[in-house]
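Here is final.txt, consisting of compact mmCIF, C-alpha atoms and all ligand atoms:
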```txt
# COMPACT_ATOMS: atom_id res chain seq x y z
CA MET A 27 0.00 0.00 0.00
CA VAL A 28 2.80 2.35 0.93
CA GLY A 29 4.54 1.76 -2.40
CA GLU A 30 1.34 2.35 -4.43
CA LYS A 31 0.79 5.95 -3.40
CA MET A 32 4.32 7.05 -4.24
CA ARG A 33 4.71 9.89 -6.69
CA PRO A 34 8.23 11.17 -7.34
CA VAL A 35 9.38 12.45 -3.98
CA ARG A 36 11.49 15.61 -3.99
CA LEU A 37 14.48 14.89 -1.81
CA VAL A 38 17.38 16.90 -0.44
CA LEU A 39 20.49 15.23 0.90
CA TYR A 40 21.93 16.94 3.98
CA GLY A 41 25.48 15.60 4.52
CA VAL A 42 27.37 13.90 1.70
CA GLY A 43 29.86 11.76 3.64
CA PRO A 44 30.18 8.01 3.07
CA ILE A 45 26.67 7.39 4.39
CA GLY A 46 25.04 10.19 2.42
CA SER A 47 26.93 9.01 -0.68
CA ASN A 48 25.69 5.45 -0.18
CA VAL A 49 22.14 6.80 0.11
CA VAL A 50 22.57 8.58 -3.23
CA LYS A 51 23.73 5.30 -4.80
CA VAL A 52 20.58 3.57 -3.55
CA LEU A 53 18.14 6.37 -4.40
CA GLU A 54 19.35 7.33 -7.85
CA LYS A 55 17.98 3.97 -9.05
CA LYS A 56 14.50 4.58 -7.63
CA ASP A 57 12.07 6.16 -10.05
CA TRP A 58 9.94 7.39 -7.13
CA VAL A 59 12.68 9.73 -5.93
CA GLN A 60 13.91 12.96 -7.48
CA ILE A 61 17.07 14.28 -5.81
CA SER A 62 16.65 18.04 -5.95
CA GLY A 63 19.38 19.41 -3.69
CA ALA A 64 22.48 18.60 -1.65
CA ILE A 65 24.00 20.32 1.38
CA ASP A 66 27.46 19.87 2.85
CA THR A 67 29.99 22.11 4.61
CA ASP A 68 33.13 20.32 3.41
CA ASP A 69 35.09 22.71 1.13
CA SER A 70 36.28 19.81 -1.01
CA LYS A 71 32.67 18.97 -1.91
CA VAL A 72 30.97 22.37 -2.14
CA GLY A 73 30.31 23.44 -5.74
CA LYS A 74 30.83 19.96 -7.17
CA ASP A 75 28.13 17.80 -8.70
CA LEU A 76 26.49 15.41 -6.22
CA GLY A 77 27.04 12.46 -8.56
CA GLU A 78 30.76 13.16 -8.59
CA VAL A 79 30.98 13.66 -4.80
CA ALA A 80 28.99 10.48 -4.15
CA GLY A 81 31.24 8.52 -6.51
CA LEU A 82 28.56 7.58 -9.04
CA GLY A 83 30.80 8.14 -12.02
CA HIS A 84 28.20 10.41 -13.64
CA LYS A 85 26.55 13.74 -12.90
CA LEU A 86 23.16 14.26 -11.31
CA ASP A 87 22.96 17.96 -12.20
CA VAL A 88 22.69 18.80 -8.51
CA ALA A 89 25.43 21.03 -7.11
CA VAL A 90 26.52 20.49 -3.48
CA SER A 91 25.98 23.70 -1.54
CA ARG A 92 26.89 24.82 1.97
CA ASP A 93 23.84 27.12 2.06
CA ALA A 94 21.23 24.94 3.76
CA THR A 95 18.62 27.71 3.91
CA GLY A 96 19.04 28.47 0.20
CA VAL A 97 18.86 24.83 -0.88
CA LEU A 98 15.78 24.12 1.22
CA ALA A 99 14.03 27.24 -0.12
CA ALA A 100 14.94 26.57 -3.77
CA SER A 101 14.20 22.83 -3.72
CA SER A 102 11.06 22.73 -1.52
CA PRO A 103 11.79 19.09 -0.67
CA ASP A 104 9.14 16.63 0.50
CA ILE A 105 11.85 14.95 2.54
CA VAL A 106 15.42 15.50 3.67
CA VAL A 107 17.84 12.62 4.18
CA HIS A 108 20.12 13.90 6.89
CA ALA A 109 23.55 12.34 7.62
CA THR A 110 25.88 14.87 9.21
CA SER A 111 26.63 13.97 12.82
CA SER A 112 25.75 11.77 15.77
CA TYR A 113 24.65 13.99 18.63
CA VAL A 114 21.20 15.54 19.05
CA GLN A 115 22.69 18.74 20.42
CA ASP A 116 24.59 19.21 17.12
CA VAL A 117 21.90 18.12 14.68
CA CYS A 118 18.90 19.77 16.34
CA PRO A 119 19.27 23.15 14.55
CA GLN A 120 19.77 21.36 11.21
CA ILE A 121 16.68 19.20 11.75
CA LEU A 122 14.61 22.19 12.83
CA GLU A 123 15.63 24.10 9.71
CA CYS A 124 14.37 21.24 7.53
CA VAL A 125 11.16 21.03 9.54
CA ASP A 126 10.64 24.80 9.23
CA ALA A 127 11.00 24.36 5.47
CA GLY A 128 8.09 21.90 5.58
CA ALA A 129 10.14 18.77 4.90
CA ASP A 130 9.96 15.34 6.53
CA VAL A 131 13.36 14.19 7.79
CA VAL A 132 15.07 10.81 7.98
CA SER A 133 18.31 11.18 9.89
CA THR A 134 21.18 8.85 10.71
CA SER A 135 21.98 10.74 13.92
CA GLU A 136 22.47 7.94 16.41
CA GLU A 137 21.14 9.83 19.41
CA LEU A 138 18.02 10.83 17.49
CA THR A 139 16.94 7.17 17.26
CA TYR A 140 15.70 7.43 20.86
CA PRO A 141 16.36 10.95 22.20
CA TYR A 142 13.72 11.12 24.93
CA VAL A 143 15.89 10.16 27.92
CA LYS A 144 19.15 12.06 27.26
CA HIS A 145 17.59 15.05 25.53
CA PRO A 146 13.95 15.35 26.60
CA ASP A 147 13.81 19.10 25.95
CA LEU A 148 15.29 18.94 22.45
CA ALA A 149 13.14 15.90 21.61
CA ASP A 150 10.08 17.85 22.71
CA LYS A 151 11.16 20.87 20.67
CA ILE A 152 11.60 18.77 17.51
CA ASP A 153 8.31 16.95 18.12
CA LYS A 154 6.32 20.16 18.65
CA SER A 155 7.89 21.86 15.66
CA ALA A 156 7.28 18.81 13.43
CA LYS A 157 3.63 18.71 14.50
CA MET A 158 3.27 22.44 13.88
CA HIS A 159 4.62 22.05 10.34
CA ASP A 160 2.75 18.78 9.72
CA VAL A 161 5.93 16.79 9.05
CA THR A 162 7.64 13.71 10.48
CA VAL A 163 11.17 13.24 11.81
CA LEU A 164 12.76 9.81 12.20
CA GLY A 165 16.21 8.75 13.39
CA THR A 166 17.29 5.41 12.00
CA GLY A 167 20.20 3.36 10.67
CA VAL A 168 21.62 -0.12 11.06
CA ASN A 169 22.81 0.37 14.62
CA PRO A 170 21.17 2.08 16.34
CA GLY A 171 17.94 1.78 14.42
CA PHE A 172 17.77 -1.88 13.50
CA VAL A 173 20.04 -4.81 14.42
CA MET A 174 20.43 -4.13 18.14
CA ASP A 175 16.97 -2.69 18.83
CA ALA A 176 14.14 -2.68 16.24
CA LEU A 177 14.88 -6.24 15.11
CA ALA A 178 14.77 -7.49 18.72
CA VAL A 179 11.48 -5.63 19.17
CA VAL A 180 10.03 -7.30 16.04
CA LEU A 181 11.11 -10.74 17.32
CA SER A 182 9.50 -10.03 20.70
CA GLY A 183 6.15 -10.00 18.91
CA VAL A 184 5.98 -13.81 18.99
CA CYS A 185 6.73 -14.04 22.74
CA GLN A 186 4.02 -14.35 25.38
CA THR A 187 6.32 -13.31 28.22
CA ILE A 188 9.90 -12.04 28.29
CA LYS A 189 12.46 -12.20 31.09
CA SER A 190 15.42 -10.68 29.27
CA VAL A 191 16.81 -9.64 25.92
CA ARG A 192 20.43 -10.10 24.90
CA VAL A 193 21.76 -8.76 21.61
CA GLU A 194 25.30 -9.33 20.42
CA ARG A 195 26.92 -7.69 17.39
CA VAL A 196 30.45 -8.43 16.22
CA VAL A 197 31.80 -6.32 13.35
CA ASP A 198 35.10 -6.70 11.53
CA SER A 199 36.00 -3.03 11.08
CA SER A 200 39.05 -3.71 8.90
CA LYS A 201 37.23 -3.28 5.59
CA ARG A 202 34.86 -0.56 6.69
CA ARG A 203 35.02 3.23 6.23
CA TRP A 204 37.83 5.03 8.05
CA GLN A 205 35.38 6.84 10.30
CA LEU A 206 34.49 3.50 11.86
CA GLN A 207 38.11 2.45 12.32
CA ARG A 208 38.89 5.85 13.85
CA LYS A 209 35.95 5.92 16.25
CA THR A 210 36.76 2.39 17.45
CA GLY A 211 40.44 3.19 18.09
CA ALA A 212 42.00 0.73 15.60
CA GLY A 213 45.80 0.90 15.84
CA LEU A 214 46.01 2.94 19.08
CA SER A 215 47.95 2.01 22.20
CA SER A 216 45.80 1.14 25.25
CA ILE A 217 46.85 4.39 26.95
CA GLU A 218 45.79 6.52 23.96
CA PHE A 219 42.57 4.53 23.72
CA ARG A 220 41.63 5.15 27.36
CA ARG A 221 42.46 8.86 27.05
CA LEU A 222 40.26 9.22 23.96
CA VAL A 223 37.45 7.25 25.61
CA LYS A 224 37.57 9.73 28.51
CA GLU A 225 37.39 12.59 26.02
CA GLY A 226 34.36 10.93 24.39
CA LYS A 227 36.19 10.55 21.06
CA ILE A 228 36.25 6.77 20.96
CA LYS A 229 32.92 5.08 21.14
CA HIS A 230 30.00 3.77 19.20
CA VAL A 231 27.21 6.27 19.78
CA GLY A 232 23.75 4.91 20.38
CA LEU A 233 23.98 1.73 22.46
CA PRO A 234 22.08 3.18 25.45
CA GLU A 235 19.51 4.57 22.98
CA SER A 236 19.00 1.03 21.63
CA ALA A 237 18.45 -0.31 25.16
CA MET A 238 16.00 2.50 25.91
CA MET A 239 14.10 1.82 22.69
CA ILE A 240 13.75 -1.88 23.52
CA GLY A 241 12.69 -1.05 27.09
CA ALA A 242 10.07 1.42 25.86
CA ALA A 243 8.69 -1.03 23.29
CA LEU A 244 8.38 -3.84 25.84
CA GLY A 245 6.77 -1.56 28.42
CA TRP A 246 9.65 -1.92 30.87
CA LYS A 247 10.46 1.03 33.10
CA LEU A 248 14.26 0.94 33.09
CA ASP A 249 15.95 2.12 36.32
CA GLU A 250 19.02 3.01 34.33
CA VAL A 251 21.20 1.98 31.42
CA GLN A 252 24.87 1.53 32.25
CA GLU A 253 27.48 1.52 29.54
CA GLU A 254 31.08 0.31 29.64
CA ILE A 255 33.74 0.75 26.97
CA THR A 256 36.93 -1.33 26.95
CA PRO A 257 39.63 -1.92 24.33
CA ILE A 258 40.01 -5.14 22.37
CA ILE A 259 43.73 -5.86 22.18
CA SER A 260 44.91 -7.43 18.94
CA LYS A 261 46.56 -10.82 19.15
CA LYS A 262 47.90 -10.42 15.61
CA ARG A 263 49.05 -7.79 13.11
CA VAL A 264 46.09 -6.62 11.04
CA ARG A 265 46.36 -4.40 7.99
CA ALA A 266 43.00 -2.63 8.02
CA GLU A 267 42.03 -0.51 5.05
CA TYR A 268 42.89 2.73 6.85
CA ALA A 269 44.92 1.67 9.90
CA LEU A 270 47.72 -0.71 10.76
CA VAL A 271 47.02 -2.66 13.94
CA LYS A 272 50.14 -4.14 15.48
CA LYS A 273 50.01 -7.12 17.80
CA GLY A 274 49.39 -5.75 21.32
CA ASN A 275 47.74 -2.56 20.07
CA VAL A 276 44.06 -1.78 20.16
CA ALA A 277 42.06 -3.51 17.41
CA GLY A 278 38.78 -1.89 18.37
CA VAL A 279 36.13 -1.40 20.95
CA HIS A 280 34.05 -3.62 23.21
CA GLN A 281 31.00 -1.79 24.40
CA VAL A 282 28.25 -3.14 26.62
CA ALA A 283 25.00 -1.49 27.66
CA ARG A 284 22.95 -2.99 30.48
CA GLY A 285 19.40 -2.01 31.28
CA THR A 286 17.92 -2.91 34.65
CA VAL A 287 14.32 -3.04 35.81
CA ALA A 288 13.74 -2.99 39.59
CA GLY A 289 17.43 -3.83 40.06
CA GLN A 290 17.34 -6.82 37.72
CA GLU A 291 19.33 -6.94 34.50
CA ARG A 292 16.79 -7.36 31.69
CA ILE A 293 18.57 -5.95 28.61
CA VAL A 294 22.19 -6.60 27.62
CA LEU A 295 23.57 -5.17 24.38
CA ASP A 296 27.08 -6.40 23.66
CA LEU A 297 28.94 -4.79 20.75
CA LYS A 298 32.42 -5.63 19.53
CA MET A 299 33.77 -3.65 16.57
CA TYR A 300 37.39 -4.39 15.77
CA ALA A 301 39.82 -4.97 12.96
CA GLY A 302 40.28 -8.66 12.26
CA ALA A 303 37.15 -9.93 14.05
CA GLY A 304 36.98 -13.60 13.14
CA ASP A 305 33.29 -14.37 13.36
CA PRO A 306 31.20 -11.31 12.54
CA HIS A 307 27.56 -11.88 13.39
CA ASP A 308 24.42 -10.44 14.87
CA SER A 309 22.57 -12.50 17.43
CA ILE A 310 19.41 -11.87 19.37
CA LYS A 311 18.44 -14.06 22.30
CA ILE A 312 15.17 -13.52 24.04
CA SER A 313 14.68 -15.44 27.24
CA GLY A 314 10.94 -15.85 27.25
CA VAL A 315 7.98 -17.98 26.25
CA PRO A 316 8.73 -19.13 23.64
CA PRO A 317 12.48 -18.43 23.71
CA ILE A 318 14.08 -16.88 20.63
CA ASP A 319 17.62 -17.51 19.46
CA MET A 320 18.44 -15.91 16.12
CA THR A 321 21.83 -15.39 14.51
CA ILE A 322 22.72 -13.59 11.28
CA ARG A 323 26.02 -15.13 10.21
CA GLY A 324 28.46 -12.60 8.81
CA GLY A 325 26.46 -9.80 10.44
CA VAL A 326 24.58 -7.09 8.59
CA GLN A 327 27.01 -4.85 6.64
CA GLY A 328 26.51 -1.51 8.34
CA ASP A 329 27.17 1.11 5.67
CA LEU A 330 25.10 -0.62 2.99
CA ALA A 331 22.34 -1.41 5.46
CA THR A 332 22.17 2.12 6.83
CA ALA A 333 21.80 3.57 3.33
CA ALA A 334 19.13 0.94 2.63
CA ILE A 335 17.03 1.45 5.73
CA VAL A 336 17.14 5.24 5.36
CA SER A 337 15.94 4.90 1.76
CA ASN A 338 13.33 2.24 2.53
CA ALA A 339 12.01 4.32 5.44
CA ILE A 340 11.03 7.21 3.16
CA PRO A 341 7.52 5.98 2.20
CA ASN A 342 6.64 5.20 5.83
CA VAL A 343 7.90 8.57 7.00
CA ILE A 344 5.93 10.38 4.32
CA ALA A 345 2.78 8.40 5.20
CA SER A 346 3.21 8.87 8.97
CA THR A 347 1.30 11.17 11.27
CA PRO A 348 3.40 14.25 12.14
CA GLY A 349 5.90 14.52 14.98
CA LEU A 350 9.18 13.00 16.13
CA LYS A 351 9.04 9.24 15.65
CA THR A 352 11.25 6.27 16.42
CA MET A 353 11.51 2.89 14.76
CA ILE A 354 8.96 1.50 17.21
CA ASP A 355 6.34 4.03 16.12
CA LEU A 356 6.30 3.31 12.38
CA PRO A 357 4.99 0.28 10.47
CA ILE A 358 7.64 -2.32 9.52
CA ILE A 359 10.15 -0.87 7.09
CA HIS A 360 10.77 -3.12 4.12
CA ASN A 361 12.56 -3.02 0.81
CA ILE A 362 10.90 -1.10 -2.01
CA ALA A 363 12.03 -1.49 -5.59
N1 LIG B 401 22.46 5.00 12.92
C1 LIG B 401 23.37 4.29 12.26
O1 LIG B 401 23.29 3.07 12.18
C2 LIG B 401 24.51 4.98 11.58
C3 LIG B 401 25.30 4.23 10.70
C4 LIG B 401 26.34 4.88 10.05
C5 LIG B 401 26.59 6.23 10.30
N2 LIG B 401 25.82 6.90 11.19
C6 LIG B 401 26.05 8.32 11.44
O2 LIG B 401 25.66 9.04 10.29
C7 LIG B 401 26.43 10.23 10.18
C8 LIG B 401 27.04 10.32 8.79
O3 LIG B 401 28.00 9.31 8.64
P1 LIG B 401 29.30 9.54 7.71
O4 LIG B 401 30.19 8.40 7.94
O5 LIG B 401 28.84 9.87 6.35
O6 LIG B 401 29.89 10.86 8.44
P2 LIG B 401 31.01 11.89 7.94
O7 LIG B 401 32.11 11.19 7.23
O8 LIG B 401 31.34 12.72 9.14
O9 LIG B 401 30.26 12.78 6.83
C9 LIG B 401 29.34 13.74 7.19
C10 LIG B 401 29.32 14.83 6.13
O10 LIG B 401 28.41 15.84 6.56
C11 LIG B 401 29.10 17.09 6.56
N3 LIG B 401 28.58 17.96 7.62
C12 LIG B 401 28.86 17.95 8.93
N4 LIG B 401 28.19 18.89 9.56
C13 LIG B 401 27.45 19.53 8.62
C14 LIG B 401 26.53 20.62 8.66
N5 LIG B 401 26.22 21.24 9.79
N6 LIG B 401 25.96 21.00 7.50
C15 LIG B 401 26.25 20.38 6.33
N7 LIG B 401 27.12 19.35 6.24
C16 LIG B 401 27.70 18.93 7.38
C17 LIG B 401 30.55 16.74 6.80
O11 LIG B 401 31.38 17.78 6.38
P3 LIG B 401 32.75 18.05 7.20
O12 LIG B 401 33.65 16.89 6.86
O13 LIG B 401 33.21 19.37 6.68
O14 LIG B 401 32.39 18.08 8.65
C18 LIG B 401 30.69 15.50 5.94
O15 LIG B 401 30.92 15.81 4.60
C19 LIG B 401 27.48 10.15 11.31
O16 LIG B 401 27.05 10.90 12.42
C20 LIG B 401 27.52 8.69 11.64
O17 LIG B 401 27.96 8.45 12.96
C21 LIG B 401 24.78 6.30 11.81
```
Before anything else, please render the file you have as structure tokens.
Amino acid sequence: MVGEKMRPVRLVLYGVGPIGSNVVKVLEKKDWVQISGAIDTDDSKVGKDLGEVAGLGHKLDVAVSRDATGVLAASSPDIVVHATSSYVQDVCPQILECVDAGADVVSTSEELTYPYVKHPDLADKIDKSAKMHDVTVLGTGVNPGFVMDALAVVLSGVCQTIKSVRVERVVDSSKRRWQLQRKTGAGLSSIEFRRLVKEGKIKHVGLPESAMMIGAALGWKLDEVQEEITPIISKKRVRAEYALVKKGNVAGVHQVARGTVAGQERIVLDLKMYAGAGDPHDSIKISGVPPIDMTIRGGVQGDLATAAIVSNAIPNVIASTPGLKTMIDLPIIHNIA
């Protein structure tokens, strides 16, 4: 039904990094999308054709501009695909500008996937503004947004009762974009790693948000979500695409988020992202009636999947009632040709 009502959707891309570029690669093949503008602040991209910046090998006749206000006014987009940064504090003004321009927004901002606990005021501001302008805002991606939260929530639908949810994701970062290798500390010494963790520069953003999303969906009032970040020390030399990891150096990050209800651990999200990971996978175990034990061997490839879910979310976002939404508010997102 969602697919049927689609007319060409006017779309602006806000942020043409690796994720935004992957989104362009997905969307340029869809006849229900017309890319009408592109915004980015990077000097090396501004003024160039979006097709060239995104690495398509051909032009799209859309110039990348740093003037967000101008692009939004000139393009009058139905929707903005937003992929600039992770934190709600940073992206809030960008999202509000799109909303003010009357556009729906799908964003890859990790914190925006479930912003209500860390940023209740900003979440409220975005929600109110979206309702005022009759548009919808969604934060999504592969993680957070799918493998460690929404997928577990979908699986919970066949359980009568649930005691606990455990999700494990192991990613081999060695062939992934440099941003991922950098934010997981590949190649650093343990001392550098711990310093950068303290400074908030090394981490996967969004694990607590995933736990909060699961808790909210299952109707559990979480006391708190605790998060720990430790280094994974490499037992071998790994030549990652953008970093050399020597034996004894940091290969990546091990991050665990634990959600408790009335003092009892009910949600554990265990994420390992490191160069040379031997058995990448995603697994979801629900201790309940009936129990669920699902593993995706190889794991879901994050960059491709994020571009896909952002693109596939567009029809649902356009069809949604207005306001700030999360993945547990919208109908199931599925592939659309
Ligand atoms: N939810 C998920 O599963 C998921 C998955 C993958 C990525 N992400 C997130 O999605 C975002 C995009 O990923 P990426 O790897 O493409 O990031 P990236 O390499 O940092 O690229 C972002 C692009 O946006 C530009 N930009 C930053 N601030 C801007 C602003 N205010 N206005 C216009 N352009 C701006 C950047 O320019 P400069 O280089 O000049 O700053 C850069 O060209 C990141 O925050 C990433 O963490 C989420």
(request) All residues within 7 Å of ligand LIG 401 (chain B) are required, counting only C-alpha atoms and all ligand atoms; please report them as an NGL selection string. (result) :A and (40-46 or 65-69 or 92 or 109-112 or 120 or 134-136 or 166-171 or 205 or 328-329 or 332)
Written selection (C-alpha atoms) as a PDB file, in the frame of the given file:
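Just written: part.pdb:
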```
ATOM      1  CA  TYR A  40      21.930  16.940   3.980  1.00  0.00           C
ATOM      2  CA  GLY A  41      25.480  15.600   4.520  1.00  0.00           C
ATOM      3  CA  VAL A  42      27.370  13.900   1.700  1.00  0.00           C
ATOM      4  CA  GLY A  43      29.860  11.760   3.640  1.00  0.00           C
ATOM      5  CA  PRO A  44      30.180   8.010   3.070  1.00  0.00           C
ATOM      6  CA  ILE A  45      26.670   7.390   4.390  1.00  0.00           C
ATOM      7  CA  GLY A  46      25.040  10.190   2.420  1.00  0.00           C
ATOM      8  CA  ILE A  65      24.000  20.320   1.380  1.00  0.00           C
ATOM      9  CA  ASP A  66      27.460  19.870   2.850  1.00  0.00           C
ATOM     10  CA  THR A  67      29.990  22.110   4.610  1.00  0.00           C
ATOM     11  CA  ASP A  68      33.130  20.320   3.410  1.00  0.00           C
ATOM     12  CA  ASP A  69      35.090  22.710   1.130  1.00  0.00           C
ATOM     13  CA  ARG A  92      26.890  24.820   1.970  1.00  0.00           C
ATOM     14  CA  ALA A 109      23.550  12.340   7.620  1.00  0.00           C
ATOM     15  CA  THR A 110      25.880  14.870   9.210  1.00  0.00           C
ATOM     16  CA  SER A 111      26.630  13.970  12.820  1.00  0.00           C
ATOM     17  CA  SER A 112      25.750  11.770  15.770  1.00  0.00           C
ATOM     18  CA  GLN A 120      19.770  21.360  11.210  1.00  0.00           C
ATOM     19  CA  THR A 134      21.180   8.850  10.710  1.00  0.00           C
ATOM     20  CA  SER A 135      21.980  10.740  13.920  1.00  0.00           C
ATOM     21  CA  GLU A 136      22.470   7.940  16.410  1.00  0.00           C
ATOM     22  CA  THR A 166      17.290   5.410  12.000  1.00  0.00           C
ATOM     23  CA  GLY A 167      20.200   3.360  10.670  1.00  0.00           C
ATOM     24  CA  VAL A 168      21.620  -0.120  11.060  1.00  0.00           C
ATOM     25  CA  ASN A 169      22.810   0.370  14.620  1.00  0.00           C
ATOM     26  CA  PRO A 170      21.170   2.080  16.340  1.00  0.00           C
ATOM     27  CA  GLY A 171      17.940   1.780  14.420  1.00  0.00           C
ATOM     28  CA  GLN A 205      35.380   6.840  10.300  1.00  0.00           C
ATOM     29  CA  GLY A 328      26.510  -1.510   8.340  1.00  0.00           C
ATOM     30  CA  ASP A 329      27.170   1.110   5.670  1.00  0.00           C
ATOM     31  CA  THR A 332      22.170   2.120   6.830  1.00  0.00           C
TER      32      THR A 332
END
```
(request) Rounded to one decimal place, report the CA of Glu123 in chain A-CA of Pro34 in chain A distance in Å. (result)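 One can read the CA of Glu123 in chain A to CA of Pro34 in chain A distance as 22.6 Å.
You will find CA of Ile358 in chain A at 16.9 Å from CA of Ser236 in chain A.
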(message) One decimal, in Å: what's the spacing between CA of Ser190 in chain A and CA of Asp355 in chain A?
(response) 21.7 Å
(request) Find the residue from A:Pro306, A:Pro234, A:Gly183, A:Pro103 that sits nearest to Glu137 in chain A; use all atoms listed in the file when measuring. (result)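 Comparing A:Pro306, A:Pro234, A:Gly183, A:Pro103 against Glu137 in chain A, the winner is A:Pro234.
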Starting from the incomplete input, reconstruct all heavy atoms of range 301-308 of chain A and report them as a short mmCIF file (atom, residue, chain, number, x, y, z; two decimals), in the frame of the given file.
```cif
data_model
loop_
_atom_site.label_atom_id
_atom_site.label_comp_id
_atom_site.auth_asym_id
_atom_site.auth_seq_id
_atom_site.Cartn_x
_atom_site.Cartn_y
_atom_site.Cartn_z
N ALA A 301 39.16 -4.52 14.19
CA ALA A 301 39.82 -4.97 12.96
C ALA A 301 40.28 -6.41 13.14
O ALA A 301 40.95 -6.73 14.11
CB ALA A 301 41.02 -4.07 12.68
N GLY A 302 39.87 -7.26 12.22
CA GLY A 302 40.28 -8.66 12.26
C GLY A 302 39.32 -9.56 13.03
O GLY A 302 39.67 -10.72 13.31
N ALA A 303 38.13 -9.08 13.35
CA ALA A 303 37.15 -9.93 14.05
C ALA A 303 36.88 -11.19 13.24
O ALA A 303 36.56 -11.10 12.05
CB ALA A 303 35.85 -9.15 14.28
N GLY A 304 37.01 -12.33 13.88
CA GLY A 304 36.98 -13.60 13.14
C GLY A 304 35.59 -14.08 12.77
O GLY A 304 35.41 -14.71 11.74
N ASP A 305 34.61 -13.79 13.58
CA ASP A 305 33.29 -14.37 13.36
C ASP A 305 32.22 -13.28 13.45
O ASP A 305 31.42 -13.25 14.39
CB ASP A 305 33.05 -15.46 14.42
CG ASP A 305 31.67 -16.07 14.31
OD1 ASP A 305 31.09 -16.06 13.19
OD2 ASP A 305 31.15 -16.55 15.33
N PRO A 306 32.21 -12.37 12.45
CA PRO A 306 31.20 -11.31 12.54
C PRO A 306 29.79 -11.90 12.52
O PRO A 306 29.52 -12.84 11.76
CB PRO A 306 31.43 -10.49 11.26
CG PRO A 306 32.70 -10.98 10.66
CD PRO A 306 32.99 -12.32 11.22
N HIS A 307 28.95 -11.39 13.37
CA HIS A 307 27.56 -11.88 13.39
C HIS A 307 26.68 -10.91 14.18
O HIS A 307 27.18 -10.05 14.91
CB HIS A 307 27.48 -13.27 14.03
CG HIS A 307 27.91 -13.31 15.46
ND1 HIS A 307 29.21 -13.51 15.84
CD2 HIS A 307 27.20 -13.14 16.61
CE1 HIS A 307 29.29 -13.48 17.16
NE2 HIS A 307 28.10 -13.25 17.65
N ASP A 308 25.40 -11.10 14.02
CA ASP A 308 24.42 -10.44 14.87
C ASP A 308 23.58 -11.53 15.50
O ASP A 308 23.12 -12.43 14.78
CB ASP A 308 23.50 -9.53 14.03
CG ASP A 308 24.25 -8.36 13.45
OD1 ASP A 308 24.87 -7.62 14.23
OD2 ASP A 308 24.25 -8.19 12.21
#
```
